[in-house]
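Trainee: Pasting a structure below so you can have a look.
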Amino acid sequence: MNANSLFVAKIAHLLDWVNHQRGTGELILAGSKQQWQLYFFHGRLLYATGGSHRVRRWQRALKQHCPNFIPKASFVDEPWEYHQIEQGIAENQIGVNQARSIIQTSVLEVFFEIVSYANPVKSRWQNSKPPNTQIALLDANQIFQKILRFWEQWQAQDLGNFSPSLAPILRQPHLVKNLKMENMASLLNGENTLWDISYQNRIPAIAAMVSLLPLVSQGIVEFKQVGDLPLPIGQISRASSNLVSPNITSLHKPLIACIDDSPVMGKTLENLLLPAGYRVLNITNPLQQMTTLVKEKPDLIFLDLLMPDTNGYNLCTFLRKTPIFEKTPIVILTSRDNIINRAHARLIGASDFLSKPAEREKVMQTLQKYLVKKDRDIQVIRHEHTLKFAQ
């Protein structure tokens, strides 16, 4: 798990390029299993997200800098964490300095994860509209150099084989009493990552890891990988009508999933579908967000063909073999519209095929074609519940 000098030089060059070009948009770094998004405004870093523990990182940063803030709504716009910060500021639940601290903490962890990533990483720049507010305009190269120094310290302590994203688990609890580590012992349950333990004990991650090394060498503590927490995307506001049961609020609006690595495509569909009464679930990294897709059970899926870590054909085949998506309408939405791709899409079980850019009339016709029966069922349920609450 060594920081490759060529890779580090490549990242530094990319950050220099964005700064020199005064770029406004998104720098996407994609590895074989991970993807990170760095958002810029006129060459300055606004926010960074992605990686293996996106939600864990977000919740940890909130607890650290603004523990009383509880977001009232979820956002499908990317980056959704940044929009929740904007919401907190607008509602006077988060101060600007608190917001900046949340952003800086998140960015530092993301950069450390990027630097310590062992596999090759591809980069892609994408121009995009910036968020409405610029909370923190950070010097990305300065932060990158800071993280490089931290990584060097991490390696100097012989920690190169460990990651702060791993979760330590205590195999022999009775031995810890003699090592004066009772305060940390309760956290060594295989559910808290080293980042979590560092935050909860108010000590640097290096210090936490160094204190565990003797236990690791004795086989008292082991490390394991843990998954991320569920993504708070595509959820329904808890506010409900006086007549309609909150339990069926989600039935009123069909959920449309957009599986596309480009946030711009997701935003385009939102602009088309939200005013028409649909909900939209943006999936920019299907390999990492499959749990969310299964949990949310979209009524229809728009699927891109070309993505960094997979392709639409393989993903469609996988979804069709999954019982929950066996009959879900899957519509290929791509710029590569030709006879061969259309035929291939049919063979692997796609319901339909639309070409980019998405045209409103064709998108609506597709939804009407595949969701008309579901919409009728929803109307029946809504009518029955309205009668029930009116009685």
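In the structure tokens, the first chain shown is A, the next is B, and so on; residue numbers restart at 1 for each chain, and ligands run from 1 in the order shown.
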Tell me which protein, DNA and RNA residues are within 8 Å of Asp260 (chain A), counting only C-alpha atoms, leaving out same-chain ones fewer than 6 positions away, and put them as an NGL selection string.
Mentor: :A and (266 or 282-285 or 303-304 or 307)
Trainee: What does the file look like for those residues with N, CA and C atoms, as a PDB file, in the first residue's frame?
Mentor:
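Below is the file that was written, part-v9.pdb:
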ATOM      1  N   GLY A 266     -28.045  13.155 -14.478  1.00  0.00           N
ATOM      2  CA  GLY A 266     -29.022  13.050 -13.401  1.00  0.00           C
ATOM      3  C   GLY A 266     -29.769  14.355 -13.190  1.00  0.00           C
ATOM      4  N   ASN A 282     -30.418   9.409  -8.156  1.00  0.00           N
ATOM      5  CA  ASN A 282     -29.201   9.438  -8.964  1.00  0.00           C
ATOM      6  C   ASN A 282     -28.196   8.421  -8.437  1.00  0.00           C
ATOM      7  N   ILE A 283     -27.756   7.534  -9.288  1.00  0.00           N
ATOM      8  CA  ILE A 283     -26.732   6.548  -8.959  1.00  0.00           C
ATOM      9  C   ILE A 283     -25.534   6.822  -9.860  1.00  0.00           C
ATOM     10  N   THR A 284     -24.482   7.417  -9.321  1.00  0.00           N
ATOM     11  CA  THR A 284     -23.304   7.752 -10.126  1.00  0.00           C
ATOM     12  C   THR A 284     -22.230   6.672 -10.061  1.00  0.00           C
ATOM     13  N   ASN A 285     -22.316   5.797  -9.057  1.00  0.00           N
ATOM     14  CA  ASN A 285     -21.360   4.695  -8.937  1.00  0.00           C
ATOM     15  C   ASN A 285     -22.130   3.440  -8.554  1.00  0.00           C
ATOM     16  N   LEU A 303     -30.453   3.738 -17.719  1.00  0.00           N
ATOM     17  CA  LEU A 303     -29.122   3.164 -17.543  1.00  0.00           C
ATOM     18  C   LEU A 303     -28.172   3.596 -18.654  1.00  0.00           C
ATOM     19  N   ASP A 304     -27.053   4.183 -18.250  1.00  0.00           N
ATOM     20  CA  ASP A 304     -26.013   4.575 -19.206  1.00  0.00           C
ATOM     21  C   ASP A 304     -25.202   3.341 -19.618  1.00  0.00           C
ATOM     22  N   MET A 307     -19.511   3.596 -18.275  1.00  0.00           N
ATOM     23  CA  MET A 307     -19.184   4.094 -16.943  1.00  0.00           C
ATOM     24  C   MET A 307     -17.794   3.613 -16.563  1.00  0.00           C
TER      25      MET A 307
END
Trainee: Report as a ChimeraX atom specification: the residues of region 18-103 of chain A with a DSSP assignment of helix (DSSP H, G or I), based on the backbone of this structure.
Mentor: /A:18-21,54-65,80-90,96-103
Trainee: If you count only C-alpha atoms, which residues fall within 9 Å of Ser165 (chain A), apart from same-chain ones fewer than 5 positions away, as a PyMOL selection string?
Mentor: chain A and resi 52-53+113+192-196+225-226
Trainee: Ala48 (chain A): which residues within 6 Å, counting only C-alpha atoms, same-chain residues fewer than 4 positions away excluded, as a PyMOL selection string?
Mentor: chain A and resi 37-38+107
Trainee: At what distance in Å, to one decimal, does CA of Gln35 (chain A) lie from CA of Leu148 (chain A)?
Mentor: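 The value is 19.4 Å.
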Trainee: Could you tell me, as a count of residues only, which residues of region 85-209 of chain A DSSP assigns to strand (DSSP E) when given the backbone?
Mentor: 10
Trainee: Residues near Thr24 (chain A), anyone? I mean within 12 Å using only C-alpha atoms, not counting same-chain ones fewer than 2 positions away, as a PyMOL selection string.
Mentor: chain A and resi 17-22+26-27+38-46+125-131+134+137
Trainee: Save the residues we just selected, N, CA and C atoms, as a PDB file, in the first residue's frame?
Mentor:
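result.pdb, freshly written:
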ATOM      1  N   TRP A  17      -3.230  22.091 -12.975  1.00  0.00           N
ATOM      2  CA  TRP A  17      -3.937  22.421 -14.217  1.00  0.00           C
ATOM      3  C   TRP A  17      -5.273  23.086 -13.925  1.00  0.00           C
ATOM      4  N   VAL A  18      -6.049  22.528 -12.985  1.00  0.00           N
ATOM      5  CA  VAL A  18      -7.350  23.105 -12.645  1.00  0.00           C
ATOM      6  C   VAL A  18      -7.175  24.517 -12.104  1.00  0.00           C
ATOM      7  N   ASN A  19      -6.155  24.705 -11.260  1.00  0.00           N
ATOM      8  CA  ASN A  19      -5.903  26.028 -10.683  1.00  0.00           C
ATOM      9  C   ASN A  19      -5.498  27.025 -11.770  1.00  0.00           C
ATOM     10  N   HIS A  20      -4.626  26.582 -12.690  1.00  0.00           N
ATOM     11  CA  HIS A  20      -4.151  27.470 -13.751  1.00  0.00           C
ATOM     12  C   HIS A  20      -5.283  27.834 -14.711  1.00  0.00           C
ATOM     13  N   GLN A  21      -6.159  26.866 -14.992  1.00  0.00           N
ATOM     14  CA  GLN A  21      -7.276  27.102 -15.907  1.00  0.00           C
ATOM     15  C   GLN A  21      -8.441  27.810 -15.215  1.00  0.00           C
ATOM     16  N   ARG A  22      -8.322  27.981 -13.914  1.00  0.00           N
ATOM     17  CA  ARG A  22      -9.425  28.546 -13.112  1.00  0.00           C
ATOM     18  C   ARG A  22     -10.723  27.785 -13.420  1.00  0.00           C
ATOM     19  N   GLU A  26     -15.924  19.522 -12.166  1.00  0.00           N
ATOM     20  CA  GLU A  26     -15.706  18.339 -11.342  1.00  0.00           C
ATOM     21  C   GLU A  26     -14.539  17.523 -11.884  1.00  0.00           C
ATOM     22  N   LEU A  27     -13.579  17.236 -11.020  1.00  0.00           N
ATOM     23  CA  LEU A  27     -12.477  16.350 -11.354  1.00  0.00           C
ATOM     24  C   LEU A  27     -12.814  14.967 -10.789  1.00  0.00           C
ATOM     25  N   LEU A  38     -14.027  15.648  -7.024  1.00  0.00           N
ATOM     26  CA  LEU A  38     -13.501  16.898  -6.477  1.00  0.00           C
ATOM     27  C   LEU A  38     -14.180  18.048  -7.211  1.00  0.00           C
ATOM     28  N   TYR A  39     -14.844  18.923  -6.478  1.00  0.00           N
ATOM     29  CA  TYR A  39     -15.621  20.008  -7.066  1.00  0.00           C
ATOM     30  C   TYR A  39     -14.862  21.332  -6.927  1.00  0.00           C
ATOM     31  N   PHE A  40     -14.777  22.058  -8.054  1.00  0.00           N
ATOM     32  CA  PHE A  40     -13.987  23.289  -8.095  1.00  0.00           C
ATOM     33  C   PHE A  40     -14.826  24.478  -8.548  1.00  0.00           C
ATOM     34  N   PHE A  41     -14.396  25.663  -8.092  1.00  0.00           N
ATOM     35  CA  PHE A  41     -14.988  26.917  -8.532  1.00  0.00           C
ATOM     36  C   PHE A  41     -13.848  27.881  -8.815  1.00  0.00           C
ATOM     37  N   HIS A  42     -13.683  28.245 -10.088  1.00  0.00           N
ATOM     38  CA  HIS A  42     -12.607  29.136 -10.524  1.00  0.00           C
ATOM     39  C   HIS A  42     -11.245  28.674  -9.997  1.00  0.00           C
ATOM     40  N   GLY A  43     -11.020  27.355 -10.076  1.00  0.00           N
ATOM     41  CA  GLY A  43      -9.724  26.816  -9.691  1.00  0.00           C
ATOM     42  C   GLY A  43      -9.563  26.487  -8.228  1.00  0.00           C
ATOM     43  N   ARG A  44     -10.522  26.892  -7.408  1.00  0.00           N
ATOM     44  CA  ARG A  44     -10.458  26.624  -5.968  1.00  0.00           C
ATOM     45  C   ARG A  44     -11.362  25.444  -5.624  1.00  0.00           C
ATOM     46  N   LEU A  45     -10.932  24.654  -4.649  1.00  0.00           N
ATOM     47  CA  LEU A  45     -11.671  23.446  -4.278  1.00  0.00           C
ATOM     48  C   LEU A  45     -12.849  23.788  -3.366  1.00  0.00           C
ATOM     49  N   LEU A  46     -14.048  23.369  -3.800  1.00  0.00           N
ATOM     50  CA  LEU A  46     -15.256  23.584  -3.007  1.00  0.00           C
ATOM     51  C   LEU A  46     -15.528  22.417  -2.065  1.00  0.00           C
ATOM     52  N   TRP A 125     -12.009  15.309 -16.360  1.00  0.00           N
ATOM     53  CA  TRP A 125     -12.524  16.624 -15.986  1.00  0.00           C
ATOM     54  C   TRP A 125     -13.880  16.839 -16.642  1.00  0.00           C
ATOM     55  N   GLN A 126     -14.798  17.426 -15.897  1.00  0.00           N
ATOM     56  CA  GLN A 126     -16.144  17.649 -16.409  1.00  0.00           C
ATOM     57  C   GLN A 126     -16.607  19.037 -15.992  1.00  0.00           C
ATOM     58  N   ASN A 127     -16.845  19.888 -16.966  1.00  0.00           N
ATOM     59  CA  ASN A 127     -17.393  21.208 -16.662  1.00  0.00           C
ATOM     60  C   ASN A 127     -18.813  21.061 -16.144  1.00  0.00           C
ATOM     61  N   SER A 128     -19.146  21.807 -15.125  1.00  0.00           N
ATOM     62  CA  SER A 128     -20.494  21.731 -14.570  1.00  0.00           C
ATOM     63  C   SER A 128     -20.818  23.023 -13.845  1.00  0.00           C
ATOM     64  N   LYS A 129     -22.093  23.230 -13.640  1.00  0.00           N
ATOM     65  CA  LYS A 129     -22.544  24.408 -12.926  1.00  0.00           C
ATOM     66  C   LYS A 129     -22.199  24.284 -11.445  1.00  0.00           C
ATOM     67  N   PRO A 130     -21.618  25.317 -10.833  1.00  0.00           N
ATOM     68  CA  PRO A 130     -21.235  25.223  -9.422  1.00  0.00           C
ATOM     69  C   PRO A 130     -22.454  25.338  -8.511  1.00  0.00           C
ATOM     70  N   PRO A 131     -22.324  24.947  -7.245  1.00  0.00           N
ATOM     71  CA  PRO A 131     -23.415  25.148  -6.279  1.00  0.00           C
ATOM     72  C   PRO A 131     -23.766  26.632  -6.164  1.00  0.00           C
ATOM     73  N   GLN A 134     -20.581  29.469  -2.399  1.00  0.00           N
ATOM     74  CA  GLN A 134     -19.200  29.014  -2.282  1.00  0.00           C
ATOM     75  C   GLN A 134     -18.777  29.181  -0.820  1.00  0.00           C
ATOM     76  N   LEU A 137     -13.409  28.218  -0.237  1.00  0.00           N
ATOM     77  CA  LEU A 137     -12.609  28.139  -1.456  1.00  0.00           C
ATOM     78  C   LEU A 137     -11.201  27.742  -1.042  1.00  0.00           C
TER      79      LEU A 137
END
Trainee: Give the answer as one residue: which of A:Leu274, A:Met265, A:Ile102, A:Val294 has the shortest atom-to-atom distance to Ala358 (chain A), using only C-alpha atoms?
Mentor: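 Closest candidate: A:Met265.
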Trainee: For Phe325 (chain A), list every protein, DNA or RNA residue within 12 Å, evaluated using only C-alpha atoms, and leave out those in the same chain fewer than 3 positions away; present the list as a PyMOL selection string.
Mentor: chain A and resi 290+293-301+315-322+328-330+349-351
Trainee: Write out, as a CSV table (one decimal), in the first residue's frame, the residues just selected, with C-alpha atoms.
Mentor:
chain,number,residue,atom,x,y,z
A,290,MET,CA,-26.1,-1.1,-5.3
A,293,LEU,CA,-30.7,0.7,-5.5
A,294,VAL,CA,-32.0,-2.5,-3.9
A,295,LYS,CA,-33.3,-0.6,-0.9
A,296,GLU,CA,-35.2,2.1,-2.8
A,297,LYS,CA,-36.7,-0.3,-5.5
A,298,PRO,CA,-37.1,2.2,-8.3
A,299,ASP,CA,-40.2,1.9,-10.6
A,300,LEU,CA,-38.0,2.4,-13.7
A,301,ILE,CA,-34.3,2.6,-14.4
A,315,LEU,CA,-25.1,-4.1,-15.2
A,316,CYS,CA,-28.4,-4.8,-17.0
A,317,THR,CA,-27.6,-8.5,-17.2
A,318,PHE,CA,-26.9,-8.5,-13.5
A,319,LEU,CA,-30.1,-6.6,-12.6
A,320,ARG,CA,-32.2,-9.0,-14.7
A,321,LYS,CA,-30.8,-12.0,-12.8
A,322,THR,CA,-31.7,-10.2,-9.5
A,328,THR,CA,-38.4,-3.5,-13.6
A,329,PRO,CA,-38.4,-1.5,-16.8
A,330,ILE,CA,-34.7,-0.8,-17.7
A,349,GLY,CA,-33.0,-7.8,-21.3
A,350,ALA,CA,-33.3,-4.0,-21.6
A,351,SER,CA,-36.9,-2.8,-22.0
Trainee: Env of Trp151 (chain A): 8 Å cut, atoms = only C-alpha atoms, seq-sep filter 3 positions within chain, self excluded. Answer as a list in words.
Mentor: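 Surrounding residues, per the criterion: Phe112, Val115, Ser116, Ile147, Leu148, Trp154 and Gln155 of chain A.
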Trainee: Write to file, as a PDB file, in the first residue's frame, the residues of the selection just made, with N, CA and C atoms.
Mentor:
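To be explicit, this is the file written out as selection-v2.pdb:
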ATOM      1  N   PHE A 112      -6.478  11.766   1.716  1.00  0.00           N
ATOM      2  CA  PHE A 112      -5.662  10.692   2.279  1.00  0.00           C
ATOM      3  C   PHE A 112      -6.020   9.356   1.625  1.00  0.00           C
ATOM      4  N   VAL A 115      -4.442   9.313  -1.892  1.00  0.00           N
ATOM      5  CA  VAL A 115      -2.993   9.144  -1.872  1.00  0.00           C
ATOM      6  C   VAL A 115      -2.602   7.715  -1.516  1.00  0.00           C
ATOM      7  N   SER A 116      -3.350   7.086  -0.616  1.00  0.00           N
ATOM      8  CA  SER A 116      -2.993   5.745  -0.152  1.00  0.00           C
ATOM      9  C   SER A 116      -3.587   4.632  -1.010  1.00  0.00           C
ATOM     10  N   ILE A 147      -1.486  16.471   3.050  1.00  0.00           N
ATOM     11  CA  ILE A 147      -1.821  15.054   3.157  1.00  0.00           C
ATOM     12  C   ILE A 147      -0.613  14.181   2.805  1.00  0.00           C
ATOM     13  N   LEU A 148       0.190  14.617   1.863  1.00  0.00           N
ATOM     14  CA  LEU A 148       1.406  13.868   1.541  1.00  0.00           C
ATOM     15  C   LEU A 148       2.327  13.786   2.752  1.00  0.00           C
ATOM     16  N   TRP A 154       2.669   8.560   8.395  1.00  0.00           N
ATOM     17  CA  TRP A 154       1.974   7.273   8.554  1.00  0.00           C
ATOM     18  C   TRP A 154       2.918   6.122   8.201  1.00  0.00           C
ATOM     19  N   GLN A 155       3.617   6.253   7.090  1.00  0.00           N
ATOM     20  CA  GLN A 155       4.558   5.225   6.677  1.00  0.00           C
ATOM     21  C   GLN A 155       5.762   5.138   7.616  1.00  0.00           C
TER      22      GLN A 155
END
